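protein_8.pdb (PDB, C-alpha atoms) appears below.
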ATOM      1  CA  MET A   1     -61.111  30.512 -22.310
ATOM      2  CA  PRO A   2     -59.203  30.895 -25.605
ATOM      3  CA  ALA A   3     -57.140  33.994 -26.200
ATOM      4  CA  LYS A   4     -58.978  36.767 -27.987
ATOM      5  CA  THR A   5     -57.979  38.075 -31.384
ATOM      6  CA  SER A   6     -58.580  41.398 -33.108
ATOM      7  CA  ALA A   7     -61.120  40.033 -35.618
ATOM      8  CA  PRO A   8     -64.715  40.734 -34.562
ATOM      9  CA  VAL A   9     -67.319  38.002 -34.510
ATOM     10  CA  TRP A  10     -70.915  39.159 -34.970
ATOM     11  CA  LEU A  11     -73.650  37.254 -33.127
ATOM     12  CA  PHE A  12     -77.029  37.998 -34.682
ATOM     13  CA  ASP A  13     -80.400  37.238 -33.232
ATOM     14  CA  LEU A  14     -83.009  36.321 -35.864
ATOM     15  CA  ASP A  15     -86.594  37.311 -35.040
ATOM     16  CA  ASN A  16     -87.208  41.056 -34.616
ATOM     17  CA  THR A  17     -83.545  41.705 -35.328
ATOM     18  CA  LEU A  18     -82.861  40.578 -38.891
ATOM     19  CA  HIS A  19     -86.559  40.664 -39.779
ATOM     20  CA  ASP A  20     -89.744  41.980 -38.173
ATOM     21  CA  ALA A  21     -91.732  39.058 -36.784
ATOM     22  CA  ARG A  22     -94.272  41.224 -34.974
ATOM     23  CA  PRO A  23     -96.902  41.827 -37.679
ATOM     24  CA  ASN A  24     -97.422  38.271 -38.943
ATOM     25  CA  ILE A  25     -95.029  35.576 -37.759
ATOM     26  CA  PHE A  26     -95.105  35.990 -33.979
ATOM     27  CA  PRO A  27     -98.910  36.169 -33.748
ATOM     28  CA  HIS A  28     -99.080  32.936 -35.751
ATOM     29  CA  ILE A  29     -96.461  31.213 -33.553
ATOM     30  CA  ASN A  30     -98.151  32.424 -30.379
ATOM     31  CA  ARG A  31    -101.513  31.020 -31.524
ATOM     32  CA  SER A  32     -99.835  27.736 -32.420
ATOM     33  CA  MET A  33     -98.166  27.525 -29.004
ATOM     34  CA  VAL A  34    -101.416  28.229 -27.180
ATOM     35  CA  ALA A  35    -103.158  25.544 -29.241
ATOM     36  CA  TYR A  36    -100.354  23.063 -28.518
ATOM     37  CA  ILE A  37    -100.427  23.733 -24.765
ATOM     38  CA  ARG A  38    -104.240  23.566 -24.728
ATOM     39  CA  ASP A  39    -104.372  20.264 -26.579
ATOM     40  CA  HIS A  40    -101.460  18.510 -24.856
ATOM     41  CA  LEU A  41    -102.015  19.732 -21.287
ATOM     42  CA  GLY A  42    -105.818  19.741 -21.323
ATOM     43  CA  LEU A  43    -106.221  23.466 -20.619
ATOM     44  CA  ASP A  44    -108.601  26.057 -21.998
ATOM     45  CA  ASP A  45    -107.312  28.875 -24.208
ATOM     46  CA  ASP A  46    -107.026  31.417 -21.372
ATOM     47  CA  GLU A  47    -105.076  29.043 -19.129
ATOM     48  CA  ALA A  48    -102.836  28.002 -22.004
ATOM     49  CA  THR A  49    -102.132  31.650 -22.840
ATOM     50  CA  ARG A  50    -101.202  32.451 -19.242
ATOM     51  CA  LEU A  51     -98.894  29.443 -19.090
ATOM     52  CA  ARG A  52     -97.194  30.335 -22.372
ATOM     53  CA  GLU A  53     -96.633  33.956 -21.356
ATOM     54  CA  GLY A  54     -95.499  32.995 -17.861
ATOM     55  CA  TYR A  55     -92.873  30.562 -19.095
ATOM     56  CA  TRP A  56     -91.647  33.018 -21.715
ATOM     57  CA  GLN A  57     -91.190  35.745 -19.097
ATOM     58  CA  ARG A  58     -89.575  33.391 -16.571
ATOM     59  CA  TYR A  59     -87.238  31.422 -18.845
ATOM     60  CA  GLY A  60     -86.885  33.464 -22.022
ATOM     61  CA  ALA A  61     -88.615  30.713 -24.010
ATOM     62  CA  THR A  62     -91.949  28.942 -23.557
ATOM     63  CA  LEU A  63     -90.257  25.689 -24.549
ATOM     64  CA  LEU A  64     -87.946  25.596 -21.537
ATOM     65  CA  GLY A  65     -90.859  25.871 -19.093
ATOM     66  CA  LEU A  66     -92.752  23.103 -20.848
ATOM     67  CA  VAL A  67     -89.718  20.800 -20.828
ATOM     68  CA  ARG A  68     -88.895  21.479 -17.185
ATOM     69  CA  HIS A  69     -92.402  21.304 -15.758
ATOM     70  CA  HIS A  70     -94.351  19.055 -18.144
ATOM     71  CA  ALA A  71     -91.707  16.784 -19.742
ATOM     72  CA  THR A  72     -92.704  18.086 -23.173
ATOM     73  CA  ASN A  73     -90.701  16.655 -26.074
ATOM     74  CA  PRO A  74     -88.903  19.747 -27.428
ATOM     75  CA  HIS A  75     -88.644  18.445 -31.003
ATOM     76  CA  HIS A  76     -92.377  17.665 -31.101
ATOM     77  CA  PHE A  77     -93.250  21.093 -29.707
ATOM     78  CA  LEU A  78     -91.057  22.988 -32.164
ATOM     79  CA  GLU A  79     -92.278  20.991 -35.147
ATOM     80  CA  HIS A  80     -95.932  21.653 -34.358
ATOM     81  CA  THR A  81     -95.616  25.322 -33.455
ATOM     82  CA  HIS A  82     -93.501  26.484 -36.403
ATOM     83  CA  GLN A  83     -95.639  25.388 -39.332
ATOM     84  CA  PHE A  84     -96.616  27.973 -41.955
ATOM     85  CA  ASP A  85     -98.705  27.815 -45.105
ATOM     86  CA  ASP A  86     -96.888  30.730 -46.743
ATOM     87  CA  LEU A  87     -93.943  31.987 -44.701
ATOM     88  CA  ALA A  88     -92.575  34.096 -47.555
ATOM     89  CA  ARG A  89     -95.759  36.174 -47.627
ATOM     90  CA  MET A  90     -95.521  36.770 -43.865
ATOM     91  CA  LEU A  91     -91.915  37.971 -43.894
ATOM     92  CA  VAL A  92     -91.177  41.654 -43.260
ATOM     93  CA  PHE A  93     -87.544  42.654 -43.836
ATOM     94  CA  GLU A  94     -85.267  45.221 -45.449
ATOM     95  CA  PRO A  95     -84.058  44.180 -48.922
ATOM     96  CA  ALA A  96     -80.844  46.148 -48.368
ATOM     97  CA  LEU A  97     -79.889  43.921 -45.415
ATOM     98  CA  LYS A  98     -77.831  41.542 -47.552
ATOM     99  CA  THR A  99     -75.591  44.391 -48.715
ATOM    100  CA  ILE A 100     -75.164  45.659 -45.150
ATOM    101  CA  LEU A 101     -74.178  42.217 -43.862
ATOM    102  CA  ARG A 102     -71.661  41.624 -46.634
ATOM    103  CA  ARG A 103     -69.905  44.884 -45.834
ATOM    104  CA  LEU A 104     -69.372  43.988 -42.180
ATOM    105  CA  VAL A 105     -65.819  42.934 -41.373
ATOM    106  CA  GLY A 106     -65.586  39.706 -39.407
ATOM    107  CA  ARG A 107     -67.370  36.370 -39.119
ATOM    108  CA  LYS A 108     -71.119  36.396 -38.649
ATOM    109  CA  LEU A 109     -73.114  33.791 -36.716
ATOM    110  CA  ILE A 110     -76.827  33.345 -36.031
ATOM    111  CA  PHE A 111     -77.574  32.979 -32.307
ATOM    112  CA  SER A 112     -81.294  32.344 -31.904
ATOM    113  CA  ASN A 113     -83.871  30.648 -29.692
ATOM    114  CA  ALA A 114     -85.744  29.677 -32.867
ATOM    115  CA  PRO A 115     -85.641  26.110 -34.262
ATOM    116  CA  LEU A 116     -83.186  25.184 -36.987
ATOM    117  CA  ASP A 117     -85.544  24.440 -39.898
ATOM    118  CA  TYR A 118     -87.470  27.663 -39.322
ATOM    119  CA  THR A 119     -84.220  29.655 -39.088
ATOM    120  CA  TYR A 120     -82.838  28.244 -42.327
ATOM    121  CA  THR A 121     -86.136  28.867 -44.098
ATOM    122  CA  ILE A 122     -86.180  32.508 -42.989
ATOM    123  CA  LEU A 123     -82.548  33.067 -44.004
ATOM    124  CA  ASN A 124     -83.091  31.420 -47.376
ATOM    125  CA  LYS A 125     -86.210  33.430 -48.169
ATOM    126  CA  MET A 126     -84.382  36.622 -47.224
ATOM    127  CA  GLY A 127     -81.450  35.586 -49.420
ATOM    128  CA  ILE A 128     -78.890  35.967 -46.619
ATOM    129  CA  ARG A 129     -78.074  32.408 -45.544
ATOM    130  CA  ASN A 130     -74.635  32.558 -47.153
ATOM    131  CA  CYS A 131     -73.791  35.643 -45.081
ATOM    132  CA  PHE A 132     -73.423  33.488 -41.954
ATOM    133  CA  ALA A 133     -70.650  31.062 -41.093
ATOM    134  CA  ALA A 134     -72.804  29.040 -38.681
ATOM    135  CA  VAL A 135     -76.274  28.883 -37.163
ATOM    136  CA  TYR A 136     -76.819  28.289 -33.453
ATOM    137  CA  SER A 137     -80.485  27.428 -33.089
ATOM    138  CA  ILE A 138     -82.237  26.220 -29.934
ATOM    139  CA  GLU A 139     -81.400  22.593 -30.819
ATOM    140  CA  ARG A 140     -77.698  23.351 -31.151
ATOM    141  CA  LEU A 141     -77.858  25.206 -27.823
ATOM    142  CA  ARG A 142     -79.090  21.958 -26.214
ATOM    143  CA  PHE A 143     -82.481  23.574 -25.638
ATOM    144  CA  GLN A 144     -80.966  26.123 -23.244
ATOM    145  CA  PRO A 145     -82.302  29.450 -24.573
ATOM    146  CA  LYS A 146     -80.944  32.939 -24.307
ATOM    147  CA  PRO A 147     -80.643  34.740 -21.939
ATOM    148  CA  THR A 148     -79.221  31.814 -19.934
ATOM    149  CA  LEU A 149     -75.462  31.713 -19.478
ATOM    150  CA  ALA A 150     -75.578  28.098 -20.655
ATOM    151  CA  ALA A 151     -76.685  29.187 -24.131
ATOM    152  CA  PHE A 152     -73.872  31.721 -24.461
ATOM    153  CA  ARG A 153     -71.242  29.348 -23.112
ATOM    154  CA  CYS A 154     -72.358  26.646 -25.522
ATOM    155  CA  LEU A 155     -71.743  28.921 -28.511
ATOM    156  CA  LEU A 156     -68.481  30.339 -27.156
ATOM    157  CA  SER A 157     -67.115  26.868 -26.483
ATOM    158  CA  ALA A 158     -68.169  25.457 -29.856
ATOM    159  CA  GLU A 159     -66.570  28.371 -31.722
ATOM    160  CA  SER A 160     -63.524  28.699 -29.406
ATOM    161  CA  LEU A 161     -64.366  32.368 -28.872
ATOM    162  CA  HIS A 162     -63.449  34.867 -26.188
ATOM    163  CA  PRO A 163     -66.463  37.069 -25.295
ATOM    164  CA  ALA A 164     -64.456  40.233 -25.956
ATOM    165  CA  GLN A 165     -64.241  39.243 -29.630
ATOM    166  CA  CYS A 166     -68.010  39.242 -29.973
ATOM    167  CA  ILE A 167     -70.539  41.898 -30.936
ATOM    168  CA  MET A 168     -74.065  40.836 -30.001
ATOM    169  CA  VAL A 169     -76.867  42.296 -32.148
ATOM    170  CA  GLU A 170     -80.276  41.794 -30.553
ATOM    171  CA  ASP A 171     -83.744  43.202 -29.950
ATOM    172  CA  SER A 172     -83.941  41.676 -26.448
ATOM    173  CA  LEU A 173     -82.520  43.643 -23.521
ATOM    174  CA  ALA A 174     -82.429  40.518 -21.351
ATOM    175  CA  ASN A 175     -80.212  38.754 -23.872
ATOM    176  CA  LEU A 176     -77.963  41.784 -24.214
ATOM    177  CA  ARG A 177     -77.588  41.994 -20.447
ATOM    178  CA  THR A 178     -76.115  38.482 -20.375
ATOM    179  CA  ALA A 179     -73.881  39.295 -23.332
ATOM    180  CA  LYS A 180     -72.538  42.397 -21.591
ATOM    181  CA  ARG A 181     -72.040  40.497 -18.341
ATOM    182  CA  LEU A 182     -69.765  38.103 -20.211
ATOM    183  CA  GLY A 183     -67.772  40.933 -21.775
ATOM    184  CA  MET A 184     -69.310  41.196 -25.239
ATOM    185  CA  LYS A 185     -70.057  44.432 -27.065
ATOM    186  CA  THR A 186     -73.788  44.978 -27.452
ATOM    187  CA  VAL A 187     -76.009  46.488 -30.138
ATOM    188  CA  TRP A 188     -79.710  46.927 -29.378
ATOM    189  CA  VAL A 189     -82.054  47.022 -32.380
ATOM    190  CA  SER A 190     -85.004  49.022 -31.090
ATOM    191  CA  SER A 191     -87.000  52.198 -31.706
ATOM    192  CA  ASN A 192     -86.987  52.829 -27.955
ATOM    193  CA  THR A 193     -85.196  56.074 -27.113
ATOM    194  CA  ARG A 194     -83.679  54.973 -23.814
ATOM    195  CA  GLN A 195     -80.342  53.181 -23.670
ATOM    196  CA  PRO A 196     -79.550  50.979 -20.659
ATOM    197  CA  ALA A 197     -76.021  50.818 -19.289
ATOM    198  CA  TRP A 198     -75.431  47.352 -20.750
ATOM    199  CA  VAL A 199     -76.141  48.570 -24.292
ATOM    200  CA  ASP A 200     -73.155  50.003 -26.164
ATOM    201  CA  CYS A 201     -75.153  51.159 -29.164
ATOM    202  CA  ARG A 202     -78.851  51.473 -30.020
ATOM    203  CA  LEU A 203     -80.030  51.315 -33.627
ATOM    204  CA  ALA A 204     -83.589  52.064 -34.698
ATOM    205  CA  SER A 205     -83.208  49.596 -37.580
ATOM    206  CA  ILE A 206     -80.827  46.803 -38.519
ATOM    207  CA  ILE A 207     -80.129  48.791 -41.689
ATOM    208  CA  ASP A 208     -78.399  51.405 -39.527
ATOM    209  CA  LEU A 209     -75.705  48.868 -38.673
ATOM    210  CA  TYR A 210     -73.412  50.413 -41.274
ATOM    211  CA  ARG A 211     -72.815  53.337 -38.896
ATOM    212  CA  TYR A 212     -71.928  51.196 -35.881
ATOM    213  CA  ARG A 213     -68.508  51.850 -34.378
ATOM    214  CA  ALA A 214     -67.284  49.476 -31.686
ATOM    215  CA  PRO A 215     -66.395  51.178 -28.359
ATOM    216  CA  ARG A 216     -62.742  51.116 -27.474
TER     217      ARG A 216
END
Give the structure from this file in structure tokens form.
Amino acid sequence: MPAKTSAPVWLFDLDNTLHDARPNIFPHINRSMVAYIRDHLGLDDDEATRLREGYWQRYGATLLGLVRHHATNPHHFLEHTHQFDDLARMLVFEPALKTILRRLVGRKLIFSNAPLDYTYTILNKMGIRNCFAAVYSIERLRFQPKPTLAAFRCLLSAESLHPAQCIMVEDSLANLRTAKRLGMKTVWVSSNTRQPAWVDCRLASIIDLYRYRAPR
């Protein structure tokens, strides 16, 4: 592992961290995934829903379960489940986010289980793509999603990073648990009032990031 430096490196999740996917985008993706599973595996809607939810809970991403157990082509799945007629209209985000990100000291990377084209489209429509030095989408993670150690190690190796350099900003506790296990600092974006031991800081909104102070 490379030697750590004093400069922080921010690892940002995308969905439900930098923008709110819950009202519009996630319901659309979930319906698309159920339809894909139904049509390609010959299941009814209820069975397809149970399979999608089961793989998401077990692996952190529906895709990984489909690849492992059904030999699904990951590129085909992602292409057909991330199509939108008007993604800009569905986006919910804070306009002040760009200013907040630019004020953060250190390099900023996207670390997401989402596909690359979708990620770039979201960042572009939010006007924040230039805030990030690199994007690590599910393709670049070799289809090993968070919270697997393989996903984290892929990014760390590609960027020659020591975990102690990194500040992980996420809405998922499972992903933050892996980050903390590796030695990263962790920021949980959530309105939940509890704070697990593997969370260094909880923020109700990504906009509150300006008040984050790294633990010493």
Which polymer residues have any atom within 12 Å of an atom of His76 in chain A, counting all atoms listed in the file, with same-chain residues fewer than 4 positions away left out, as a list in words? Met33, Tyr36, Ile37, His40, Leu63, Leu66, Val67, Ala71, Thr72, His80, Thr81, His82, Gln83 and Pro115 of chain A
Apply the PyMOL selection byres ((chain A and resi 153) around 12) to the file shown and report the selected residues as a VMD selection string. chain A and resid 1 111 136 140 to 142 144 to 152 154 to 163 178 to 179 182
List, as a list in words, every residue that the PyMOL selection byres ((chain A and resi 213) around 12) selects in the file provided.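 Evaluating the PyMOL selection byres ((chain A and resi 213) around 12) on these coordinates yields Pro8, Leu104, Val105, Ile167, Lys185, Thr186, Val187, Asp200, Cys201, Arg202, Leu203, Asp208, Leu209, Tyr210, Arg211, Tyr212, Ala214, Pro215 and Arg216 of chain A.
The coordinates place CA of His19 in chain A at 8.7 Å from CA of Met126 in chain A.
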To one decimal in Å, tell me the separation between CA of Leu116 in chain A and CA of Leu97 in chain A.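 Between CA of Leu116 in chain A and CA of Leu97 in chain A the gap works out to 20.8 Å.
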Give me the result of the PyMOL selection byres ((chain A and resi 130-134) around 6) on this file, residue by residue, as a VMD selection string. chain A and resid 108 to 109 128 to 129 135
Resulting file, chosen residues, C-alpha atoms, as a PDB file, in the coordinates of the input:
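Resulting contents of result_36.pdb:
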ATOM      1  CA  LYS A 108     -71.119  36.396 -38.649  1.00  0.00           C
ATOM      2  CA  LEU A 109     -73.114  33.791 -36.716  1.00  0.00           C
ATOM      3  CA  ILE A 128     -78.890  35.967 -46.619  1.00  0.00           C
ATOM      4  CA  ARG A 129     -78.074  32.408 -45.544  1.00  0.00           C
ATOM      5  CA  VAL A 135     -76.274  28.883 -37.163  1.00  0.00           C
TER       6      VAL A 135
END
Selection: 10 Å around Asp44 in chain A, only C-alpha atoms, excl. self and same-chain fewer than 6 positions, as an NGL selection string: :A and (34-35 or 37-38)
Pairwise distance for CA of Pro23 in chain A and CA of Asp171 in chain A, rounded to one decimal in Å: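 Going from CA of Pro23 in chain A over to CA of Asp171 in chain A, I get 15.3 Å.
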Tell me, as an mmCIF file with C-alpha atoms, in the frame of the given file, which residues lie within 10 Å of Pro95 in chain A, counting all atoms listed in the file; anything in the same chain fewer than 2 positions away does not count.
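To be explicit, this is the file written out as part.cif:
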data_model
loop_
_atom_site.group_PDB
_atom_site.id
_atom_site.type_symbol
_atom_site.label_atom_id
_atom_site.label_comp_id
_atom_site.auth_asym_id
_atom_site.auth_seq_id
_atom_site.Cartn_x
_atom_site.Cartn_y
_atom_site.Cartn_z
ATOM 1 C CA VAL A 92 -91.177 41.654 -43.260
ATOM 2 C CA PHE A 93 -87.544 42.654 -43.836
ATOM 3 C CA LEU A 97 -79.889 43.921 -45.415
ATOM 4 C CA LYS A 98 -77.831 41.542 -47.552
ATOM 5 C CA THR A 99 -75.591 44.391 -48.715
ATOM 6 C CA ILE A 100 -75.164 45.659 -45.150
ATOM 7 C CA MET A 126 -84.382 36.622 -47.224
ATOM 8 C CA GLY A 127 -81.450 35.586 -49.420
ATOM 9 C CA ILE A 128 -78.890 35.967 -46.619
ATOM 10 C CA ILE A 207 -80.129 48.791 -41.689
#
All residues 7 Å or closer to Arg177 in chain A, all atoms listed in the file, same chain fewer than 4 positions away omitted, as a compact mmCIF listing (two decimals) with C-alpha atoms, in the coordinates of the input:
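Output saved as result.txt:
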# COMPACT_ATOMS: atom_id res chain seq x y z
CA LEU A 173 -82.52 43.64 -23.52
CA ARG A 181 -72.04 40.50 -18.34
CA TRP A 198 -75.43 47.35 -20.75
What would the list of residues within 10 Å of (-100.6, 36.2, -44.1) (file frame) look like as a PyMOL selection string, if only C-alpha atoms are what count? chain A and resi 23-25+28+84-91
Box for range 189-202 of chain A - axis-aligned, 6 Å on each of the six sides, all listed atoms - centre and size in Å to one decimal, as lines of an AutoDock Vina configuration file.
center_x = -80.1
center_y = 51.5
center_z = -25.8
size_x = 25.8
size_y = 21.1
size_z = 25.1
